[in-house]
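**Student:** Provided herewith: protein28.cif, mmCIF, C-alpha atoms.
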```
data_start
loop_
_atom_site.label_atom_id
_atom_site.label_comp_id
_atom_site.auth_asym_id
_atom_site.auth_seq_id
_atom_site.Cartn_x
_atom_site.Cartn_y
_atom_site.Cartn_z
CA MET A 198 0.00 0.00 0.00
CA SER A 199 1.43 3.38 -0.93
CA ILE A 200 0.32 6.92 -1.49
CA HIS A 201 2.04 8.60 -4.37
CA PRO A 202 3.07 12.13 -3.52
CA GLU A 203 2.05 13.27 -6.98
CA ASP A 204 -1.48 11.93 -6.40
CA GLU A 205 -1.73 13.83 -3.15
CA PHE A 206 -0.46 16.96 -4.81
CA SER A 207 -2.82 16.53 -7.77
CA LEU A 208 -5.79 16.01 -5.50
CA ARG A 209 -4.97 19.04 -3.36
CA THR A 210 -4.42 21.22 -6.40
CA GLY A 211 -7.45 19.87 -8.21
CA LEU A 212 -9.72 20.51 -5.22
CA GLU A 213 -8.29 23.99 -4.73
CA ILE A 214 -8.95 24.88 -8.35
CA GLU A 215 -12.41 23.30 -8.47
CA LEU A 216 -13.63 24.71 -5.20
CA ASP A 217 -11.98 28.08 -5.43
CA ASP A 218 -15.34 29.72 -6.08
CA VAL A 219 -17.00 28.00 -3.12
CA VAL A 220 -17.01 30.60 -0.37
CA PRO A 221 -19.49 31.13 2.43
CA GLY A 222 -21.86 34.07 2.46
CA ASP A 223 -20.88 37.45 3.86
CA ARG A 224 -21.21 38.02 7.59
CA LEU A 225 -21.58 34.30 8.29
CA ALA A 226 -20.28 34.77 11.84
CA ASP A 227 -22.97 37.38 12.53
CA VAL A 228 -25.64 35.02 11.25
CA ILE A 229 -24.38 32.25 13.55
CA ILE A 230 -24.13 34.54 16.59
CA THR A 231 -27.66 35.86 15.95
CA ARG A 232 -28.99 32.30 15.65
CA TYR A 233 -27.20 31.38 18.87
CA ARG A 234 -28.64 34.34 20.80
CA ARG A 235 -32.14 33.72 19.48
CA GLY A 236 -31.88 30.05 20.48
CA ARG A 237 -30.56 30.97 23.89
CA ARG A 238 -33.45 33.38 24.47
CA ARG A 239 -35.87 30.60 23.52
CA ARG A 240 -34.14 28.18 25.89
CA VAL A 241 -34.20 30.70 28.75
CA ALA A 242 -37.87 31.46 28.08
CA GLY A 243 -38.58 27.72 28.02
CA ALA A 244 -36.76 27.20 31.30
CA ILE A 245 -38.68 30.06 32.93
CA GLY A 246 -41.91 28.59 31.59
CA LEU A 247 -41.04 25.21 33.06
CA VAL A 248 -40.22 26.77 36.42
CA MET A 249 -43.57 28.58 36.38
CA VAL A 250 -45.43 25.41 35.44
CA PHE A 251 -43.74 23.45 38.23
CA ALA A 252 -44.32 26.29 40.67
CA GLY A 253 -47.97 26.38 39.61
CA LEU A 254 -48.24 22.67 40.25
CA GLY A 255 -46.15 22.73 43.38
CA VAL A 256 -48.02 25.45 45.27
CA PRO A 257 -51.38 23.68 45.26
CA LEU A 258 -49.67 20.37 45.97
CA GLY A 259 -47.78 21.94 48.85
CA LEU A 260 -50.94 23.56 50.20
CA GLY A 261 -52.77 20.28 49.85
CA ALA A 262 -50.02 18.48 51.70
CA SER A 263 -50.16 20.94 54.57
CA THR A 264 -53.91 20.74 54.99
CA ALA A 265 -54.85 17.22 54.04
CA PRO A 266 -54.64 14.59 56.77
CA ASP A 267 -51.73 12.25 56.40
CA PRO A 268 -53.10 8.70 56.19
CA GLY A 269 -49.94 7.34 57.85
CA HIS A 270 -50.52 9.27 61.08
CA THR A 271 -53.10 9.75 63.81
CA VAL A 272 -53.85 13.31 64.78
CA LEU A 273 -55.12 14.30 68.21
CA ARG A 274 -56.56 17.81 68.32
CA LEU A 275 -57.50 19.72 71.44
CA ASP A 276 -58.19 23.41 71.26
CA ALA A 277 -55.14 25.03 69.66
CA TYR A 278 -52.93 21.95 70.17
CA THR A 279 -52.33 19.21 67.66
CA LEU A 280 -50.44 16.05 68.53
CA THR A 281 -49.50 13.96 65.50
CA LEU A 282 -48.79 10.36 66.47
CA PRO A 283 -47.52 7.39 64.43
CA GLY A 284 -50.09 5.40 62.49
CA GLN A 285 -50.23 2.50 64.96
CA TYR A 286 -52.22 4.74 67.33
CA GLN A 287 -56.00 4.82 66.96
CA LEU A 288 -58.29 7.52 68.26
CA VAL A 289 -60.31 6.31 71.24
CA ALA A 290 -63.03 7.79 73.41
CA ALA A 291 -61.37 9.19 76.46
CA PRO A 292 -61.27 7.89 79.06
CA SER A 293 -62.19 4.39 77.94
CA ALA A 294 -61.39 0.88 79.03
CA SER A 295 -58.69 0.61 76.42
CA CYS A 296 -57.10 3.83 77.50
CA ARG A 297 -57.13 3.60 81.24
CA PRO A 298 -53.89 3.85 83.10
CA ARG A 299 -52.71 0.82 84.99
CA GLY A 300 -53.50 1.05 88.71
CA GLY A 301 -56.56 3.10 87.98
CA GLY A 302 -55.11 6.52 88.39
CA THR A 303 -54.24 9.01 85.72
CA VAL A 304 -52.17 12.01 86.43
CA THR A 305 -54.87 14.61 86.51
CA PRO A 306 -54.90 18.06 87.90
CA THR A 307 -55.70 17.65 91.50
CA HIS A 308 -57.82 20.74 91.80
CA GLN A 309 -60.07 20.01 88.85
CA GLN A 310 -61.25 16.86 87.15
CA PRO A 311 -60.86 16.74 83.37
CA GLY A 312 -63.94 17.85 81.54
CA PRO A 313 -65.30 16.77 78.21
CA GLY A 314 -62.48 18.59 76.43
CA MET A 315 -60.23 15.60 76.02
CA ALA A 316 -58.74 13.59 73.20
CA ALA A 317 -57.11 10.18 73.42
CA ALA A 318 -55.34 7.62 71.29
CA ALA A 319 -54.15 4.09 72.04
CA ASP A 320 -52.10 1.48 70.26
CA GLN A 321 -52.42 -2.31 70.14
CA SER A 322 -49.70 -2.87 72.72
CA GLY A 323 -51.57 -0.96 75.41
CA GLY A 324 -49.88 2.39 75.04
CA CYS A 325 -52.24 5.28 75.60
CA ILE A 326 -52.03 9.04 75.38
CA VAL A 327 -54.71 11.43 76.63
CA LEU A 328 -54.75 15.19 76.09
CA MET A 329 -56.75 17.43 78.37
CA LEU A 330 -56.92 21.08 79.31
CA THR A 331 -56.98 22.43 82.81
CA PRO A 332 -57.04 25.94 84.28
CA PRO A 333 -53.66 26.99 85.52
CA PHE A 334 -52.84 27.05 89.21
CA ARG A 335 -53.18 30.47 90.83
CA PRO A 336 -51.81 30.76 94.34
CA THR A 337 -54.20 32.34 96.77
CA ALA A 338 -53.34 34.51 99.70
CA SER A 339 -54.46 31.86 102.17
CA GLY A 340 -53.18 28.76 100.42
CA SER A 341 -49.83 27.25 99.64
CA GLY A 342 -47.63 28.86 97.01
CA ALA A 343 -46.80 25.48 95.44
CA ASP A 344 -48.68 24.35 92.28
CA PRO A 345 -50.49 21.15 93.25
CA ASN A 346 -50.28 19.99 89.62
CA ILE A 347 -46.51 19.88 89.84
CA PRO A 348 -45.45 17.41 92.53
CA PRO A 349 -41.97 17.52 94.04
CA GLY A 350 -40.67 14.73 91.75
CA ALA A 351 -41.48 16.66 88.57
CA ARG A 352 -38.72 18.04 86.41
CA GLY A 353 -38.76 20.61 83.69
CA ILE A 354 -37.81 19.55 80.16
CA GLY A 355 -38.12 20.91 76.64
CA VAL A 356 -40.51 19.14 74.29
CA GLY A 357 -40.30 20.58 70.80
CA HIS A 358 -40.99 24.27 71.09
CA TYR A 359 -42.51 23.96 74.54
CA HIS A 360 -41.31 23.87 78.11
CA ALA A 361 -43.07 21.10 80.04
CA TRP A 362 -43.07 19.44 83.43
CA LEU A 363 -42.43 15.70 83.33
CA ILE A 364 -44.44 14.05 86.10
CA PRO A 365 -44.19 10.32 86.91
CA ASP A 366 -47.29 9.19 88.76
CA GLY A 367 -45.74 6.20 90.54
CA SER A 368 -48.15 3.66 89.02
CA GLY A 369 -46.61 3.29 85.57
CA GLY A 370 -48.11 6.45 84.13
CA ILE A 371 -46.22 9.49 83.02
CA ALA A 372 -47.61 12.93 82.33
CA LEU A 373 -46.42 16.10 80.73
CA LEU A 374 -47.78 19.46 81.80
CA ILE A 375 -47.39 22.47 79.55
CA GLU A 376 -48.31 25.62 81.36
CA GLY A 377 -50.65 28.33 80.20
CA ALA A 378 -50.17 28.55 76.47
CA THR A 379 -53.74 28.57 75.27
CA ARG A 380 -57.05 30.24 75.84
CA GLY A 381 -59.26 27.22 75.48
CA GLY A 382 -62.38 25.45 76.67
CA GLY A 383 -64.65 28.08 75.20
CA THR A 384 -64.18 30.29 78.25
CA GLY A 385 -61.37 32.41 76.88
CA GLN A 386 -59.32 31.59 79.99
CA ILE A 387 -55.67 30.64 79.84
CA GLN A 388 -55.35 26.90 80.27
CA ASP A 389 -52.60 24.33 80.75
CA LEU A 390 -52.24 21.28 78.56
CA VAL A 391 -51.84 17.94 80.31
CA ILE A 392 -50.66 14.91 78.35
CA ASN A 393 -51.26 11.72 80.31
CA SER A 394 -49.81 8.44 79.20
CA THR A 395 -49.75 4.80 80.22
CA GLY A 396 -47.88 1.90 78.73
CA LEU A 397 -45.22 4.19 77.32
CA SER A 398 -41.70 4.71 78.53
CA GLN A 399 -40.70 8.18 79.56
CA ALA A 400 -38.39 8.42 76.53
CA ALA A 401 -41.13 7.24 74.15
CA LEU A 402 -43.61 9.81 75.45
CA VAL A 403 -41.11 12.67 75.31
CA SER A 404 -40.01 11.62 71.84
CA ALA A 405 -43.61 11.35 70.54
CA VAL A 406 -44.61 14.70 72.01
CA SER A 407 -41.41 16.44 70.89
CA ALA A 408 -41.88 15.23 67.33
CA GLY A 409 -45.63 15.61 67.05
CA LEU A 410 -46.89 18.47 69.22
CA SER A 411 -47.71 21.71 67.49
CA MET B 689 -14.78 44.88 26.12
CA SER B 690 -17.26 42.47 27.73
CA LYS B 691 -16.74 38.73 27.78
CA ALA B 692 -19.59 38.18 25.32
CA ALA B 693 -18.09 40.72 22.93
CA ASP B 694 -14.69 39.03 23.26
CA ARG B 695 -16.26 35.70 22.42
CA ALA B 696 -18.02 37.14 19.41
CA ALA B 697 -14.85 38.82 18.16
CA GLU B 698 -12.75 35.66 18.53
CA PHE B 699 -15.41 33.56 16.84
CA THR B 700 -15.80 36.04 13.96
CA GLU B 701 -12.07 35.97 13.37
CA PHE B 702 -12.09 32.17 13.30
CA VAL B 703 -15.08 32.01 10.91
CA GLU B 704 -13.54 34.49 8.52
CA ALA B 705 -10.32 32.49 8.40
CA GLY B 706 -11.66 28.94 8.42
CA SER B 707 -15.21 28.72 7.14
CA ALA B 708 -14.35 28.46 3.45
CA SER B 709 -12.44 25.20 3.83
CA LEU B 710 -15.20 23.83 6.06
CA LEU B 711 -17.82 24.70 3.44
CA ARG B 712 -15.77 22.98 0.73
CA ALA B 713 -15.42 19.89 2.92
CA ALA B 714 -19.17 19.86 3.55
CA LEU B 715 -19.78 20.20 -0.18
CA VAL B 716 -17.78 17.06 -0.86
CA LEU B 717 -19.28 15.13 2.04
CA LEU B 718 -22.89 16.05 1.20
CA ASP B 719 -24.76 16.26 -2.07
CA THR B 720 -25.70 19.85 -2.71
CA ARG B 721 -24.50 23.34 -1.97
CA GLU B 722 -27.63 24.05 0.09
CA GLU B 723 -27.05 21.00 2.27
CA ALA B 724 -23.40 21.96 2.68
CA GLU B 725 -24.27 25.51 3.77
CA ASP B 726 -26.86 24.23 6.25
CA ALA B 727 -24.37 21.76 7.68
CA LEU B 728 -21.72 24.45 7.96
CA GLN B 729 -24.06 26.78 9.82
CA LEU B 730 -25.08 24.03 12.22
CA ALA B 731 -21.47 23.00 12.82
CA LEU B 732 -20.42 26.60 13.50
CA LEU B 733 -23.41 27.13 15.76
CA ARG B 734 -22.46 24.09 17.84
CA THR B 735 -18.87 25.30 17.90
CA PHE B 736 -19.94 28.73 19.15
CA ARG B 737 -22.12 27.20 21.85
CA ARG B 738 -19.02 25.52 23.29
CA TRP B 739 -16.64 28.30 22.31
CA ASP B 740 -14.92 28.51 25.71
CA HIS B 741 -13.83 24.90 25.19
CA ALA B 742 -13.54 24.96 21.38
CA LYS B 743 -11.35 28.05 21.13
CA GLN B 744 -8.35 26.07 22.35
CA ALA B 745 -8.32 24.28 18.97
CA PRO B 746 -11.20 25.71 16.94
CA GLU B 747 -10.17 24.17 13.59
CA ALA B 748 -10.01 20.63 14.98
CA TYR B 749 -13.19 21.14 17.02
CA SER B 750 -15.23 22.51 14.13
CA ARG B 751 -13.97 19.82 11.73
CA THR B 752 -15.12 17.11 14.12
CA VAL B 753 -18.48 18.79 14.61
CA LEU B 754 -18.89 19.18 10.84
CA VAL B 755 -18.28 15.52 10.09
CA ASN B 756 -20.75 14.58 12.82
CA VAL B 757 -23.38 16.88 11.30
CA CYS B 758 -22.78 15.28 7.89
CA ARG B 759 -23.11 11.80 9.40
CA GLU B 760 -26.40 12.84 11.04
CA ARG B 761 -27.65 13.89 7.59
CA TRP B 762 -26.66 10.59 6.05
CA ARG B 763 -28.42 8.69 8.80
CA HIS B 764 -31.51 10.87 8.39
CA ARG B 765 -31.46 10.22 4.67
CA LYS B 766 -31.23 6.46 5.23
CA ARG B 767 -34.21 6.55 7.59
CA HIS B 768 -36.23 8.84 5.32
CA PRO B 769 -35.31 7.92 1.77
CA GLU B 770 -36.69 10.13 -0.94
CA VAL B 771 -39.43 8.45 -2.94
CA PRO B 772 -38.21 8.37 -6.56
CA GLY B 773 -40.63 10.02 -8.93
CA THR B 774 -41.11 9.29 -12.61
CA LEU B 775 -40.41 11.77 -15.35
CA SER B 776 -44.12 12.10 -16.01
CA ASP B 777 -44.63 13.06 -12.35
CA ILE B 778 -41.98 15.69 -12.54
CA GLY B 779 -42.72 17.03 -16.01
CA PRO B 780 -41.01 20.16 -17.21
CA LEU B 781 -39.66 20.87 -13.71
CA ALA B 782 -37.03 18.18 -14.33
CA GLU B 783 -35.11 20.75 -16.28
CA VAL B 784 -35.26 23.30 -13.47
CA VAL B 785 -32.15 23.32 -11.29
CA SER B 786 -30.88 25.93 -8.91
CA PHE B 787 -28.00 28.11 -9.90
CA ALA B 788 -25.89 26.60 -7.16
CA GLU B 789 -26.62 23.09 -8.47
CA ALA B 790 -25.69 24.12 -11.96
CA VAL B 791 -22.39 25.41 -10.63
CA ASP B 792 -21.87 22.15 -8.72
CA ARG B 793 -22.12 20.19 -11.95
CA ARG B 794 -18.85 21.73 -13.07
CA HIS B 795 -17.07 20.15 -10.11
CA VAL B 796 -15.86 16.92 -11.66
CA LEU B 797 -13.50 16.03 -8.83
CA VAL B 798 -16.15 16.69 -6.24
CA ARG B 799 -18.67 14.52 -8.04
CA VAL B 800 -16.18 11.68 -8.29
CA LEU B 801 -15.22 12.03 -4.61
CA ARG B 802 -18.88 11.74 -3.67
CA ARG B 803 -18.99 8.32 -5.30
CA LEU B 804 -16.33 6.94 -2.96
CA PRO B 805 -17.26 4.86 0.09
CA THR B 806 -17.97 7.05 3.10
CA VAL B 807 -14.81 6.38 5.11
CA GLN B 808 -12.53 6.91 2.11
CA ARG B 809 -14.32 10.11 1.23
CA GLU B 810 -14.08 11.43 4.79
CA VAL B 811 -10.40 10.56 5.01
CA LEU B 812 -9.54 12.22 1.69
CA VAL B 813 -11.49 15.33 2.67
CA PHE B 814 -9.73 15.58 6.01
CA ARG B 815 -6.28 14.86 4.68
CA TYR B 816 -6.29 16.82 1.42
CA LEU B 817 -8.97 19.45 1.72
CA LEU B 818 -8.79 20.32 5.40
CA ASP B 819 -5.05 19.59 5.66
CA ALA B 820 -5.48 17.50 8.80
CA THR B 821 -2.65 15.18 9.85
CA VAL B 822 -3.13 11.42 10.03
CA ALA B 823 -3.46 11.65 13.82
CA GLU B 824 -5.95 14.54 13.67
CA THR B 825 -7.99 12.71 11.04
CA ALA B 826 -8.04 9.56 13.15
CA VAL B 827 -9.25 11.44 16.21
CA ALA B 828 -11.89 13.43 14.32
CA LEU B 829 -13.32 10.41 12.51
CA GLY B 830 -12.97 8.05 15.46
CA ILE B 831 -10.89 5.50 13.56
CA ALA B 832 -7.36 4.10 13.91
CA GLU B 833 -4.42 5.85 12.28
CA GLY B 834 -3.77 2.69 10.25
CA THR B 835 -7.31 2.88 8.90
CA VAL B 836 -6.71 6.51 7.93
CA LYS B 837 -3.62 5.54 5.94
CA SER B 838 -5.22 2.55 4.23
CA SER B 839 -8.40 4.45 3.45
CA ALA B 840 -6.39 7.32 1.97
CA SER B 841 -4.44 4.94 -0.23
CA ARG B 842 -7.50 3.01 -1.40
CA GLY B 843 -9.43 6.22 -1.87
CA LEU B 844 -6.75 7.69 -4.11
CA ASP B 845 -6.61 4.48 -6.16
CA GLN B 846 -10.35 4.47 -6.50
CA LEU B 847 -10.36 8.15 -7.37
CA ARG B 848 -7.83 7.59 -10.10
CA LEU B 849 -10.00 4.87 -11.66
CA LEU B 850 -13.16 6.92 -11.42
CA LEU B 851 -11.49 9.99 -12.93
CA ALA B 852 -10.19 7.90 -15.79
CA ALA B 853 -13.69 6.54 -16.41
CA GLU B 854 -15.08 10.07 -16.20
CA GLU B 855 -12.50 11.24 -18.72
CA ARG B 856 -13.43 8.45 -21.12
CA GLY B 857 -17.11 9.34 -20.76
CA VAL B 858 -16.44 13.00 -21.51
CA ARG B 859 -14.38 12.07 -24.56
CA ARG B 860 -17.20 9.88 -25.84
CA VAL B 861 -19.67 12.73 -25.49
CA ASP B 862 -17.38 15.47 -26.75
CA PRO B 863 -14.88 14.14 -29.33
CA SER B 864 -13.29 17.56 -29.73
#
```
Is it possible to give me this structure as structure tokens?
**Tutor:**
Amino acid sequence: MSIHPEDEFSLRTGLEIELDDVVPGDRLADVIITRYRRGRRRRVAGAIGLVMVFAGLGVPLGLGASTAPDPGHTVLRLDAYTLTLPGQYQLVAAPSASCRPRGGGTVTPTHQQPGPGMAAAADQSGGCIVLMLTPPFRPTASGSGADPNIPPGARGIGVGHYHAWLIPDGSGGIALLIEGATRGGGTGQIQDLVINSTGLSQAALVSAVSAGLS
Amino acid sequence: MSKAADRAAEFTEFVEAGSASLLRAALVLLDTREEAEDALQLALLRTFRRWDHAKQAPEAYSRTVLVNVCRERWRHRKRHPEVPGTLSDIGPLAEVVSFAEAVDRRHVLVRVLRRLPTVQREVLVFRYLLDATVAETAVALGIAEGTVKSSASRGLDQLRLLLAAEERGVRRVDPS
């Protein structure tokens, strides 16, 4: 196999002569740059359009997600409070047989029994959570200055955005008391939120309330 | 001067210096002047889109883009072959050709090159029209350097035969 130099030369020369009159149009670069800019404007406009379409879809979807109940969770609502619990919890009438603390005693405000404003949920393993509202303790001139809802063994902890008192009741139940954050019960009075639980460890209750209370 | 203006100035300089040889290459690789001009515009447009990268070796970059554009056209033509019409379908329009096509008909060497197998034609265009080295041709066409050399040799042999046949045909038609 060989390439004769004269063939190469002849081909180069022949092509040069034949194609000497083949030249591109004037201002070809300008034409290309204009085409490029026009295409880029179209691409940018398309991208903006896509963003707007996705935003248009996303806003209603986002709103829907924030308002629609999540089928994987159980939501307890009481006045301005919402406690979102994992799906294994089921709403129950409170207090009911399935949601009664062991030993028969819930941690309830000592100076007032819980009224009808309660919400409760229980799971299959016997865990139970009850929300209720109670008027806050107000020391009187004649009485003790200590809040009877907060026994000596209680300790203050943070649960989510709230400060709460963690109160073990001595019979397997644990309660959380969140002081005076709502005007509830239809009376317009400031009320405390009490979260009673049975069948849950202290850590499980704190974790559930920290993650789900709003 | 802004960056965009710099880009435009550099690209304009490159187009003014190099677009003629690219158009001639496209004319050999494709069938008509119109197709060649379209392919050239598309190749230059793609080159300008990536100018920041292409400007390091704009000739090599644009040559590679051009041959890819031509290959896309061939593939498109294979997928969408033109339906051949009969003379009665076409009628008097058969005689109507564009000015550019009429000019193309004078290009004997180009016509003969177009009859070569694709690889040989591409190699001859790169080596002898675009003045690319064997290595540059191999990279641009995505083939081995040995294939470039053998295709160039076979292409020249074939070209010689076809030109001789063309010459004989011309002599038969025009004895003068």
**Student:** Mind telling me what the PyMOL selection byres ((chain A) within 6 of (chain B)) catches here, as a ChimeraX atom specification?
**Tutor:** /A:200,209,215,220-221,226,229
**Student:** As an exercise, work out the distance from atom CA of A:Ala290 to atom CA of A:His360 in Å and give it to one decimal place.
**Tutor:**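 Separation between atom CA of A:Ala290 and atom CA of A:His360: 27.4 Å.
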**Student:** I need the residue nearest B:Val753 from this list: B:Ala714, B:Val807, B:Val836, B:Ala823. Use all atoms listed in the file for the distance.
**Tutor:**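 Of the candidates, the smallest distance to B:Val753 is held by B:Ala714.
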**Student:** Calculated over all atoms listed in the file, which of the candidates A:Ala372, A:Ala244, A:Ile387, A:Val406 has the smallest distance to A:Gly355?
**Tutor:** A:Val406
**Student:** Between B:Ser690, B:Leu850, B:Asp726, B:Ile831, which is the closest to A:Leu225 once you count only C-alpha atoms?
**Tutor:** B:Asp726
**Student:** Figure out the distance between atom CA of A:Arg274 and atom CA of A:Pro332, please, to one decimal in Å.
**Tutor:** 17.9 Å
**Student:** Quick one: pull the distance between atom CA of B:Ala820 and atom CA of A:Asp217, Å, one decimal.
**Tutor:** 18.9 Å
**Student:** Select all residues near (-15.9, 12.8, -3.3) (cut-off 6 Å, inclusive, file coordinates), counting all atoms listed in the file, and output them as a PyMOL selection string.
**Tutor:** chain B and resi 716+798-804+809
**Student:** For B:Ala828, please output as an MDAnalysis selection string all residues within 9 Å (counting all atoms listed in the file; exclusion window: fewer than 4 positions along the same chain).
**Tutor:** chainID B and resid 748:749 751:753 755 814 823:824
